[in-house]
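Chemist: Sharing structure09.cif, mmCIF, C-alpha atoms:
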```
data_model
#
loop_
_atom_site.label_atom_id
_atom_site.label_comp_id
_atom_site.auth_asym_id
_atom_site.auth_seq_id
_atom_site.Cartn_x
_atom_site.Cartn_y
_atom_site.Cartn_z
CA MET A 1466 -38.94 157.13 21.63
CA ALA A 1467 -35.78 157.08 23.77
CA GLU A 1468 -33.47 154.13 23.34
CA ALA A 1469 -33.58 151.53 26.10
CA GLU A 1470 -30.69 151.50 28.56
CA VAL A 1471 -28.09 148.81 27.85
CA LYS A 1472 -26.41 147.07 30.80
CA ALA A 1473 -23.66 144.51 31.25
CA ASN A 1474 -25.21 141.13 32.02
CA LYS A 1475 -22.88 138.76 33.85
CA LYS A 1476 -23.95 135.10 33.54
CA VAL A 1477 -22.98 131.54 34.49
CA VAL A 1478 -22.64 129.19 31.50
CA PHE A 1479 -22.79 125.39 31.59
CA LYS A 1480 -19.69 124.15 29.76
CA HIS A 1481 -20.16 120.41 29.18
CA TYR A 1482 -21.97 117.28 30.34
CA ILE A 1483 -20.33 115.62 33.32
CA THR A 1484 -19.94 112.28 35.05
CA GLY A 1485 -19.21 111.91 38.74
CA PHE A 1486 -19.33 114.95 40.97
CA ALA A 1487 -19.59 118.50 39.66
CA LYS A 1488 -16.62 120.87 39.74
CA GLU A 1489 -16.40 124.64 39.46
CA SER A 1490 -14.60 124.17 36.14
CA ASP A 1491 -17.76 122.62 34.67
CA MET A 1492 -19.22 126.13 34.73
CA GLU A 1493 -17.93 129.48 33.52
CA VAL A 1494 -18.72 133.03 34.60
CA VAL A 1495 -19.01 135.25 31.49
CA THR A 1496 -18.89 139.04 31.87
CA THR A 1497 -18.97 140.18 28.24
CA ASP A 1498 -22.73 140.01 27.57
CA THR A 1499 -25.04 143.03 27.52
CA ILE A 1500 -28.83 143.36 27.64
CA GLN A 1501 -31.39 146.05 26.78
CA LEU A 1502 -33.48 146.89 29.84
CA LYS A 1503 -36.69 146.75 27.83
CA VAL A 1504 -38.99 143.90 26.81
CA PRO A 1505 -39.52 143.49 23.05
CA GLU A 1506 -42.40 145.52 21.67
CA LYS A 1507 -45.81 143.78 21.79
CA SER A 1508 -44.26 141.01 23.89
CA LYS A 1509 -45.84 139.68 27.09
CA ALA A 1510 -42.41 138.90 28.50
CA VAL A 1511 -41.13 140.18 31.83
CA LEU A 1512 -37.61 141.51 32.40
CA ILE A 1513 -36.33 140.90 35.91
CA LYS A 1514 -33.23 141.90 37.82
CA ASN A 1515 -32.15 138.76 39.69
CA LEU A 1516 -31.55 139.34 43.38
CA TYR A 1517 -31.12 135.80 44.75
CA LEU A 1518 -30.55 132.45 43.04
CA SER A 1519 -31.30 129.08 44.60
CA CYS A 1520 -28.71 126.27 44.58
CA ASP A 1521 -30.56 122.94 44.56
CA PRO A 1522 -29.54 119.26 44.46
CA TYR A 1523 -31.70 118.51 41.40
CA VAL A 1524 -29.44 120.76 39.31
CA ARG A 1525 -26.84 117.95 39.37
CA ILE A 1526 -29.27 115.75 37.41
CA LEU A 1527 -29.51 118.39 34.70
CA MET A 1528 -25.74 118.37 34.18
CA THR A 1529 -25.67 114.80 32.81
CA LYS A 1530 -27.00 113.53 29.50
CA SER A 1531 -28.85 110.24 29.92
CA ASP A 1532 -32.11 108.54 28.96
CA VAL A 1533 -33.32 108.78 32.56
CA HIS A 1534 -32.72 112.52 32.74
CA ASP A 1535 -34.19 113.08 29.30
CA SER A 1536 -37.43 111.53 30.55
CA LEU A 1537 -37.91 114.42 32.98
CA GLU A 1538 -40.80 116.36 31.49
CA THR A 1539 -40.74 119.34 33.83
CA VAL A 1540 -37.06 120.35 33.79
CA PRO A 1541 -34.98 119.75 30.63
CA THR A 1542 -31.31 118.82 30.82
CA PHE A 1543 -28.89 121.75 30.43
CA VAL A 1544 -27.40 122.34 26.98
CA PRO A 1545 -23.62 122.91 26.88
CA GLY A 1546 -22.86 126.57 26.16
CA SER A 1547 -26.19 127.78 27.56
CA VAL A 1548 -26.87 129.90 30.64
CA MET A 1549 -27.66 127.77 33.67
CA SER A 1550 -31.15 128.03 35.12
CA GLY A 1551 -32.99 127.44 38.36
CA PHE A 1552 -35.26 129.14 40.85
CA GLY A 1553 -34.62 132.67 41.99
CA VAL A 1554 -35.99 135.94 43.34
CA GLY A 1555 -36.07 139.08 41.23
CA LYS A 1556 -37.46 142.57 40.75
CA VAL A 1557 -39.50 143.49 37.67
CA ILE A 1558 -37.56 146.03 35.58
CA ASP A 1559 -39.93 146.07 32.58
CA SER A 1560 -43.06 144.16 31.67
CA GLY A 1561 -45.27 143.52 28.68
CA HIS A 1562 -47.58 141.34 30.77
CA PRO A 1563 -50.65 142.90 32.42
CA GLU A 1564 -50.24 140.81 35.59
CA PHE A 1565 -46.72 142.05 36.38
CA LYS A 1566 -45.88 145.67 37.15
CA ILE A 1567 -42.52 147.44 37.22
CA GLY A 1568 -41.08 147.39 40.74
CA GLU A 1569 -42.85 144.22 41.89
CA PHE A 1570 -40.89 141.36 43.42
CA VAL A 1571 -41.32 137.84 42.02
CA TRP A 1572 -39.88 134.37 42.43
CA GLY A 1573 -39.82 131.41 40.07
CA GLU A 1574 -37.78 129.92 37.25
CA THR A 1575 -35.03 132.20 36.00
CA ARG A 1576 -31.50 132.05 34.61
CA TRP A 1577 -28.17 132.42 36.35
CA GLN A 1578 -27.44 135.95 35.15
CA GLU A 1579 -27.85 139.49 36.44
CA TYR A 1580 -30.91 140.23 34.27
CA SER A 1581 -33.30 137.66 32.76
CA LEU A 1582 -35.97 138.07 30.11
CA ILE A 1583 -38.76 135.71 31.18
CA THR A 1584 -40.79 134.76 28.10
CA ALA A 1585 -43.16 132.49 30.07
CA PRO A 1586 -44.06 134.73 33.04
CA GLU A 1587 -46.97 132.48 34.00
CA LYS A 1588 -44.26 130.44 35.77
CA LEU A 1589 -43.48 133.39 38.05
CA PHE A 1590 -45.09 134.00 41.43
CA LYS A 1591 -45.72 137.47 42.77
CA ILE A 1592 -44.26 138.02 46.22
CA LYS A 1593 -47.12 139.14 48.43
CA TYR A 1594 -45.25 139.39 51.72
CA THR A 1595 -42.16 141.62 51.54
CA ASP A 1596 -41.87 142.09 55.32
CA VAL A 1597 -39.83 138.88 55.52
CA PRO A 1598 -36.35 138.58 53.92
CA LEU A 1599 -36.64 138.21 50.14
CA SER A 1600 -34.03 135.44 50.28
CA TYR A 1601 -36.65 133.27 52.05
CA TYR A 1602 -38.33 132.86 48.65
CA THR A 1603 -35.37 130.79 47.45
CA GLY A 1604 -36.15 128.26 50.20
CA LEU A 1605 -38.59 128.50 53.07
CA LEU A 1606 -41.24 130.35 51.03
CA GLY A 1607 -40.08 128.95 47.68
CA MET A 1608 -39.71 125.54 46.10
CA GLN A 1609 -38.03 123.85 49.10
CA GLY A 1610 -40.60 124.96 51.65
CA PHE A 1611 -43.40 124.05 49.27
CA THR A 1612 -41.80 120.64 48.65
CA ALA A 1613 -41.64 119.99 52.40
CA TYR A 1614 -45.27 121.09 52.78
CA ILE A 1615 -46.69 118.97 49.94
CA GLY A 1616 -44.56 115.93 50.73
CA PHE A 1617 -45.31 115.89 54.43
CA TYR A 1618 -48.92 117.00 54.66
CA GLU A 1619 -50.32 115.61 51.40
CA ILE A 1620 -48.18 112.57 50.60
CA CYS A 1621 -47.50 111.35 54.16
CA SER A 1622 -50.94 112.16 55.68
CA PRO A 1623 -49.44 112.56 59.18
CA LYS A 1624 -51.24 112.03 62.46
CA LYS A 1625 -50.35 113.33 65.89
CA GLY A 1626 -48.02 111.03 67.80
CA GLU A 1627 -46.57 109.25 64.77
CA TYR A 1628 -42.87 108.41 64.39
CA VAL A 1629 -41.17 110.42 61.62
CA PHE A 1630 -37.69 110.00 60.12
CA VAL A 1631 -36.12 112.58 57.79
CA SER A 1632 -32.89 111.95 55.86
CA ALA A 1633 -30.64 114.86 54.79
CA ALA A 1634 -32.49 116.53 57.64
CA SER A 1635 -30.34 119.65 57.85
CA GLY A 1636 -30.93 120.44 54.17
CA ALA A 1637 -33.27 123.05 52.75
CA VAL A 1638 -36.23 120.64 52.62
CA GLY A 1639 -35.42 118.28 55.48
CA HIS A 1640 -35.14 120.78 58.32
CA LEU A 1641 -38.57 122.16 57.40
CA VAL A 1642 -40.19 118.73 57.22
CA GLY A 1643 -38.93 118.01 60.73
CA GLN A 1644 -40.40 121.24 62.07
CA PHE A 1645 -43.75 120.64 60.35
CA ALA A 1646 -43.80 117.21 62.00
CA LYS A 1647 -43.07 118.67 65.43
CA LEU A 1648 -45.89 121.21 64.94
CA MET A 1649 -48.15 118.18 64.28
CA GLY A 1650 -47.10 116.59 67.56
CA CYS A 1651 -44.97 113.83 66.02
CA TYR A 1652 -41.74 112.26 67.30
CA VAL A 1653 -39.00 113.29 64.85
CA VAL A 1654 -35.50 111.99 64.13
CA GLY A 1655 -33.14 113.24 61.43
CA SER A 1656 -29.88 112.10 59.89
CA ALA A 1657 -27.12 114.43 58.70
CA GLY A 1658 -23.49 114.25 57.60
CA SER A 1659 -21.64 116.08 60.38
CA ASP A 1660 -21.75 116.56 64.15
CA GLU A 1661 -22.33 120.29 63.59
CA LYS A 1662 -25.47 119.54 61.59
CA VAL A 1663 -26.69 117.01 64.17
CA ASP A 1664 -26.34 119.66 66.87
CA LEU A 1665 -28.27 122.11 64.69
CA LEU A 1666 -31.11 119.63 64.23
CA LYS A 1667 -31.53 119.04 67.94
CA ASN A 1668 -30.82 122.48 69.34
CA LYS A 1669 -32.12 124.87 66.67
CA PHE A 1670 -34.73 122.95 64.68
CA GLY A 1671 -36.24 121.01 67.59
CA PHE A 1672 -35.76 117.42 66.40
CA ASP A 1673 -36.20 114.87 69.20
CA GLU A 1674 -33.08 112.99 68.10
CA ALA A 1675 -30.53 113.03 65.30
CA PHE A 1676 -27.47 111.08 64.23
CA ASN A 1677 -24.41 111.48 62.00
CA TYR A 1678 -24.83 108.72 59.41
CA LYS A 1679 -21.11 108.86 58.57
CA LYS A 1680 -20.31 107.62 62.09
CA GLU A 1681 -22.78 104.71 62.04
CA GLN A 1682 -21.40 101.29 61.07
CA ASN A 1683 -24.91 99.88 60.72
CA LEU A 1684 -27.68 102.24 59.55
CA SER A 1685 -30.45 99.77 60.38
CA ALA A 1686 -29.15 99.46 63.94
CA ALA A 1687 -28.98 103.26 64.25
CA LEU A 1688 -32.62 103.52 63.18
CA LYS A 1689 -33.63 100.72 65.55
CA ARG A 1690 -31.92 102.63 68.38
CA CYS A 1691 -33.88 105.79 67.55
CA PHE A 1692 -37.16 104.03 66.68
CA PRO A 1693 -37.51 100.89 68.84
CA GLU A 1694 -41.19 100.72 67.82
CA GLY A 1695 -40.54 101.44 64.14
CA ILE A 1696 -41.11 104.32 61.72
CA ASP A 1697 -44.52 105.52 60.52
CA ILE A 1698 -43.34 108.19 58.08
CA TYR A 1699 -40.09 108.47 56.15
CA PHE A 1700 -39.33 111.63 54.17
CA GLU A 1701 -36.81 110.36 51.60
CA ASN A 1702 -34.09 112.71 50.41
CA VAL A 1703 -31.04 110.48 49.92
CA GLY A 1704 -31.78 106.96 48.57
CA GLY A 1705 -29.19 104.17 48.55
CA PRO A 1706 -28.30 102.24 51.73
CA MET A 1707 -30.36 104.60 53.91
CA LEU A 1708 -33.56 103.68 52.07
CA ASP A 1709 -32.75 99.98 52.45
CA ALA A 1710 -32.20 100.45 56.20
CA VAL A 1711 -35.42 102.43 56.58
CA LEU A 1712 -37.48 99.72 54.88
CA LEU A 1713 -36.30 97.25 57.53
CA ASN A 1714 -37.53 99.60 60.26
CA MET A 1715 -40.86 100.77 58.82
CA ARG A 1716 -44.08 99.90 60.65
CA ASN A 1717 -47.04 98.29 58.95
CA HIS A 1718 -49.01 100.79 56.84
CA GLY A 1719 -46.12 103.27 56.90
CA ARG A 1720 -45.77 106.05 54.31
CA ILE A 1721 -42.70 107.14 52.39
CA ALA A 1722 -42.60 110.42 50.46
CA VAL A 1723 -39.78 110.39 47.89
CA SER A 1724 -38.54 113.95 47.42
CA GLY A 1725 -35.10 113.11 46.06
CA MET A 1726 -32.13 110.72 46.22
CA VAL A 1727 -29.14 113.00 46.48
CA SER A 1728 -26.68 110.20 47.31
CA GLN A 1729 -27.21 108.82 43.81
CA TYR A 1730 -26.87 111.98 41.72
CA GLY A 1731 -23.10 111.83 41.23
CA LEU A 1732 -22.86 108.06 40.65
CA GLU A 1733 -22.27 106.63 37.20
CA LYS A 1734 -24.00 103.44 38.34
CA PRO A 1735 -26.78 104.10 40.89
CA GLU A 1736 -26.98 101.72 43.85
CA GLY A 1737 -29.74 99.14 43.91
CA ILE A 1738 -32.34 98.70 46.68
CA HIS A 1739 -32.64 95.20 48.16
CA ASN A 1740 -35.57 95.37 50.59
CA LEU A 1741 -38.41 96.51 48.33
CA MET A 1742 -40.44 93.36 49.04
CA LEU A 1743 -41.13 94.91 52.45
CA LEU A 1744 -43.42 97.39 50.66
CA VAL A 1745 -45.73 94.41 50.15
CA SER A 1746 -45.38 92.56 53.46
CA LYS A 1747 -45.68 95.75 55.53
CA ARG A 1748 -48.28 97.37 53.23
CA ILE A 1749 -46.12 100.49 52.92
CA GLU A 1750 -47.14 103.33 50.61
CA MET A 1751 -44.12 104.82 48.81
CA LYS A 1752 -44.75 107.69 46.44
CA GLY A 1753 -42.60 110.06 44.44
CA PHE A 1754 -43.88 113.57 43.81
CA SER A 1755 -43.04 116.85 42.15
CA VAL A 1756 -44.25 120.27 43.25
CA TYR A 1757 -44.57 121.17 39.56
CA ASP A 1758 -47.90 119.30 39.78
CA CYS A 1759 -49.04 121.24 42.83
CA PHE A 1760 -48.44 124.95 42.25
CA ASP A 1761 -52.19 125.64 42.40
CA ARG A 1762 -51.85 125.07 46.18
CA TYR A 1763 -48.95 127.50 46.59
CA PRO A 1764 -51.14 130.41 47.85
CA GLN A 1765 -52.59 128.12 50.54
CA PHE A 1766 -49.05 127.12 51.54
CA VAL A 1767 -47.92 130.74 51.92
CA GLU A 1768 -50.93 131.68 54.06
CA THR A 1769 -50.17 128.68 56.30
CA ILE A 1770 -46.44 129.34 56.70
CA ILE A 1771 -46.30 133.14 57.05
CA PRO A 1772 -47.98 133.07 60.51
CA TYR A 1773 -45.53 130.37 61.66
CA ILE A 1774 -42.63 132.61 60.61
CA LYS A 1775 -44.02 135.73 62.29
CA GLU A 1776 -44.86 133.83 65.48
CA GLY A 1777 -41.37 132.32 65.64
CA LYS A 1778 -42.63 128.76 65.28
CA ILE A 1779 -40.24 127.91 62.43
CA ALA A 1780 -36.47 128.28 62.60
CA TYR A 1781 -34.66 128.76 59.31
CA ALA A 1782 -30.98 128.67 58.36
CA GLU A 1783 -29.44 130.22 55.25
CA ASP A 1784 -25.99 129.85 53.70
CA ILE A 1785 -25.71 132.73 51.20
CA ALA A 1786 -22.77 133.25 48.86
CA GLU A 1787 -22.21 136.88 47.83
CA GLY A 1788 -21.95 137.66 44.11
CA LEU A 1789 -22.87 135.81 40.92
CA GLU A 1790 -19.19 135.01 40.32
CA HIS A 1791 -19.34 132.73 43.38
CA ALA A 1792 -22.36 130.76 42.14
CA PRO A 1793 -20.34 127.79 40.75
CA ALA A 1794 -18.48 127.42 44.07
CA ALA A 1795 -21.76 127.64 46.01
CA LEU A 1796 -23.31 124.88 43.90
CA VAL A 1797 -20.29 122.60 44.35
CA ARG A 1798 -20.37 123.37 48.08
CA LEU A 1799 -23.97 122.16 48.17
CA PHE A 1800 -23.15 118.92 46.33
CA ALA A 1801 -20.29 118.27 48.78
CA GLY A 1802 -22.61 118.80 51.77
CA ARG A 1803 -20.54 121.69 53.13
CA ASN A 1804 -23.48 124.10 53.35
CA VAL A 1805 -25.33 124.66 56.62
CA GLY A 1806 -28.89 125.66 55.81
CA LYS A 1807 -30.36 126.75 52.50
CA GLN A 1808 -27.62 127.39 49.94
CA SER A 1809 -28.29 130.38 47.74
CA VAL A 1810 -26.46 133.18 45.95
CA ALA A 1811 -27.03 136.90 46.45
CA VAL A 1812 -26.61 138.45 43.00
CA THR A 1813 -27.39 141.85 44.45
CA ARG A 1814 -29.28 142.93 47.56
CA GLU A 1815 -32.23 145.32 47.75
#
```
What's the structure tokens form of this structure?

Modeler:
Amino acid sequence: MAEAEVKANKKVVFKHYITGFAKESDMEVVTTDTIQLKVPEKSKAVLIKNLYLSCDPYVRILMTKSDVHDSLETVPTFVPGSVMSGFGVGKVIDSGHPEFKIGEFVWGETRWQEYSLITAPEKLFKIKYTDVPLSYYTGLLGMQGFTAYIGFYEICSPKKGEYVFVSAASGAVGHLVGQFAKLMGCYVVGSAGSDEKVDLLKNKFGFDEAFNYKKEQNLSAALKRCFPEGIDIYFENVGGPMLDAVLLNMRNHGRIAVSGMVSQYGLEKPEGIHNLMLLVSKRIEMKGFSVYDCFDRYPQFVETIIPYIKEGKIAYAEDIAEGLEHAPAALVRLFAGRNVGKQSVAVTRE
């Protein structure tokens, strides 16, 4: 039996737990590792060549050691000295699993390195449609698109004509939620952190209105201006003062889907919410969710979204950094809100 080919395997290592906002120096690109391009004998593992890696806000949570983060059952906190992990797109190089064949494209949980040995391949999804850009599976057709789909359609139970507000609306999840809402016939407003992003929301993604929250002295007044009759649905991505302002402007029997609270991820002491009693007086349903509970519906999601893409009914923006060595900078760029569209890293292109 011929010996398996050995390749260099560049990787991004998490250096230490952090407080405050992440810096590039909290991560290290290591080029000295090698890997055999063969799965262990009698193993059901899958060896993939990573093509694209997804940069996501939740990664910031995994960079801090705390009781709250340790309670996350689905995604464990990073261990200092270990290779960072996240969602990505790859090509099967070798496989000991009967469901995955050499040459197939997959997306799912992987590590931030050129090649990854996936020992739990049941967490991978085969890519059925390769006539759309493979990078879409880090966002639109991956976890972010699926998060938008589950949160909006299943958690919010939207109806035509309802008033929908999306925070962090130019982000990977938010800009898709807004477009799903428009396809439903809803009135949609989004908030973002720059005039450039506000323009993108209105002129590329079809939002009815949008505002730069950094320019608003009173968030509640801004929402009242955009929603004089109140908000039926709020897709929550940021938390903090924005959530407090939204609660003041919700209509009776409104629904809030809590996807994330990115404004709180870098704070040593998270901000409190003061208007929660309005959940009672306005009979508001507010629910957190995780797509890790919903992956059985992923095939249905893909079959719904692919026609929208091919018919041009969904606009999508990507912000792709070239090369694994630029992954730390891309992640910090995301945390600082400097990305426009889905932030990802092209490890190599095929």

Chemist: Could you check which of A:Asp1664, A:Tyr1482, A:Cys1520, A:Val1471 is closest to Val1797 (chain A), using all atoms listed in the file?

Modeler: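 Answer, going by the shortest atom-to-atom distance: A:Cys1520.
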
Chemist: List as a VMD selection string the protein and nucleic acid residues near region 1765-1774 of chain A, meaning an atom at most 9 Å away when all atoms listed in the file are counted, but skip any in the same chain fewer than 4 places from it.

Modeler: chain A and resid 1594 1597 1605 to 1606 1610 to 1611 1614 to 1615 1761 1778 to 1781

Chemist: Taking 5 positions as the minimum chain separation for residues in the same chain, which residues sit within 9 Å of Asn1714 (chain A) when counting all atoms listed in the file? Answer as number ranges by chain.

Modeler: A: 1685, 1688-1689, 1692-1696

Chemist: May I have the residues from that selection written out with C-alpha atoms, as a compact mmCIF listing (two decimals), in the frame of the given file?

Modeler:
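Contents of out.txt, as written:
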```
# COMPACT_ATOMS: atom_id res chain seq x y z
CA SER A 1685 -30.45 99.77 60.38
CA LEU A 1688 -32.62 103.52 63.18
CA LYS A 1689 -33.63 100.72 65.55
CA PHE A 1692 -37.16 104.03 66.68
CA PRO A 1693 -37.51 100.89 68.84
CA GLU A 1694 -41.19 100.72 67.82
CA GLY A 1695 -40.54 101.44 64.14
CA ILE A 1696 -41.11 104.32 61.72
```

Chemist: Can you work out the spacing between CA of Gly1671 (chain A) and CA of Pro1598 (chain A) in Å, to one decimal?

Modeler: 22.3 Å

Chemist: Of the candidates A:Glu1790, A:Glu1661, A:Glu1619, A:Glu1681, which one gets nearest to Leu1518 (chain A) if we count only C-alpha atoms?

Modeler: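 Among A:Glu1790, A:Glu1661, A:Glu1619, A:Glu1681, it is A:Glu1790 that comes nearest to Leu1518 (chain A).
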
Chemist: Leaving out Val1571 (chain A) and any residue of its chain fewer than 6 positions from it, which residues lie within 7 Å of it when counting all atoms listed in the file, given as a list in words?

Modeler: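 Skipping anything fewer than 6 positions along the chain leaves Val1554, Gly1555, Lys1556, Leu1589, Phe1590, Lys1591 and Ile1592 of chain A.
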
Chemist: Tell me which protein, DNA and RNA residues are within 7 Å of Glu1493 (chain A), counting all atoms listed in the file, leaving out same-chain ones fewer than 3 positions away, and put them as number ranges by chain.

Modeler: A: 1477-1480, 1490

Chemist: Please enumerate the residues selected by the PyMOL selection byres ((chain A and resi 1700) around 6) when evaluated against the supplied file, formatted as a CSV table (one decimal) with C-alpha atoms, in the coordinates of the input.

Modeler:
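Wrote part-v6.csv, looks like this:
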```csv
chain,number,residue,atom,x,y,z
A,1631,VAL,CA,-36.1,112.6,57.8
A,1699,TYR,CA,-40.1,108.5,56.2
A,1701,GLU,CA,-36.8,110.4,51.6
A,1721,ILE,CA,-42.7,107.1,52.4
A,1722,ALA,CA,-42.6,110.4,50.5
```

Chemist: Would you work out the distance separating CA of Asn1474 (chain A) from CA of Asp1498 (chain A), expressed in Å to one decimal?

Modeler: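 Result for CA of Asn1474 (chain A) versus CA of Asp1498 (chain A): 5.2 Å, one decimal.
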
Chemist: Evaluate the PyMOL selection byres ((chain A and resi 1583) around 8) here and jot the selected residues down as a list in words.

Modeler: Ala1510, Val1511, Leu1512, Ile1513, Thr1575, Ser1581, Leu1582, Thr1584, Ala1585 and Pro1586 of chain A

Chemist: Using CA of Trp1572 (chain A) and CA of Tyr1730 (chain A) as the two end points, give the distance in Å to one decimal.

Modeler: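 Interatomic distance, CA of Trp1572 (chain A) to CA of Tyr1730 (chain A): 25.9 Å.
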
Chemist: Give me the residues within 10 Å of Phe1800 (chain A) as a VMD selection string, counting all atoms listed in the file and dropping any in the same chain fewer than 6 places off.

Modeler: chain A and resid 1486 to 1488 1520 to 1525 1727 to 1728 1730 to 1731 1794

Chemist: Output C-alpha atoms of each residue in that selection to a file, as a short mmCIF file (atom, residue, chain, number, x, y, z; two decimals), in the frame of the given file.

Modeler:
```cif
data_model
loop_
_atom_site.label_atom_id
_atom_site.label_comp_id
_atom_site.auth_asym_id
_atom_site.auth_seq_id
_atom_site.Cartn_x
_atom_site.Cartn_y
_atom_site.Cartn_z
CA PHE A 1486 -19.33 114.95 40.97
CA ALA A 1487 -19.59 118.50 39.66
CA LYS A 1488 -16.62 120.87 39.74
CA CYS A 1520 -28.71 126.27 44.58
CA ASP A 1521 -30.56 122.94 44.56
CA PRO A 1522 -29.54 119.26 44.46
CA TYR A 1523 -31.70 118.51 41.40
CA VAL A 1524 -29.44 120.76 39.31
CA ARG A 1525 -26.84 117.95 39.37
CA VAL A 1727 -29.14 113.00 46.48
CA SER A 1728 -26.68 110.20 47.31
CA TYR A 1730 -26.87 111.98 41.72
CA GLY A 1731 -23.10 111.83 41.23
CA ALA A 1794 -18.48 127.42 44.07
#
```

Chemist: Just so the selection is clear, what residues does the PyMOL selection byres ((chain A and resi 1564) around 10) cover here, as a list in words?

Modeler: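 In the shown coordinates, the PyMOL selection byres ((chain A and resi 1564) around 10) covers Lys1509, Val1511, Ser1560, Gly1561, His1562, Pro1563, Phe1565, Lys1566, Pro1586, Glu1587 and Lys1591 of chain A.
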
Chemist: From the list A:Val1711, A:Ala1687, A:Ala1633, A:Leu1502, which residue is nearest Leu1799 (chain A) when using all atoms listed in the file?

Modeler: A:Ala1633

Chemist: Just checking: using only C-alpha atoms, which residue out of A:Ala1613, A:Leu1708, A:Met1528, A:Val1629 ends up closest to Leu1796 (chain A)?

Modeler: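 Closest to Leu1796 (chain A) of all the choices is A:Met1528.
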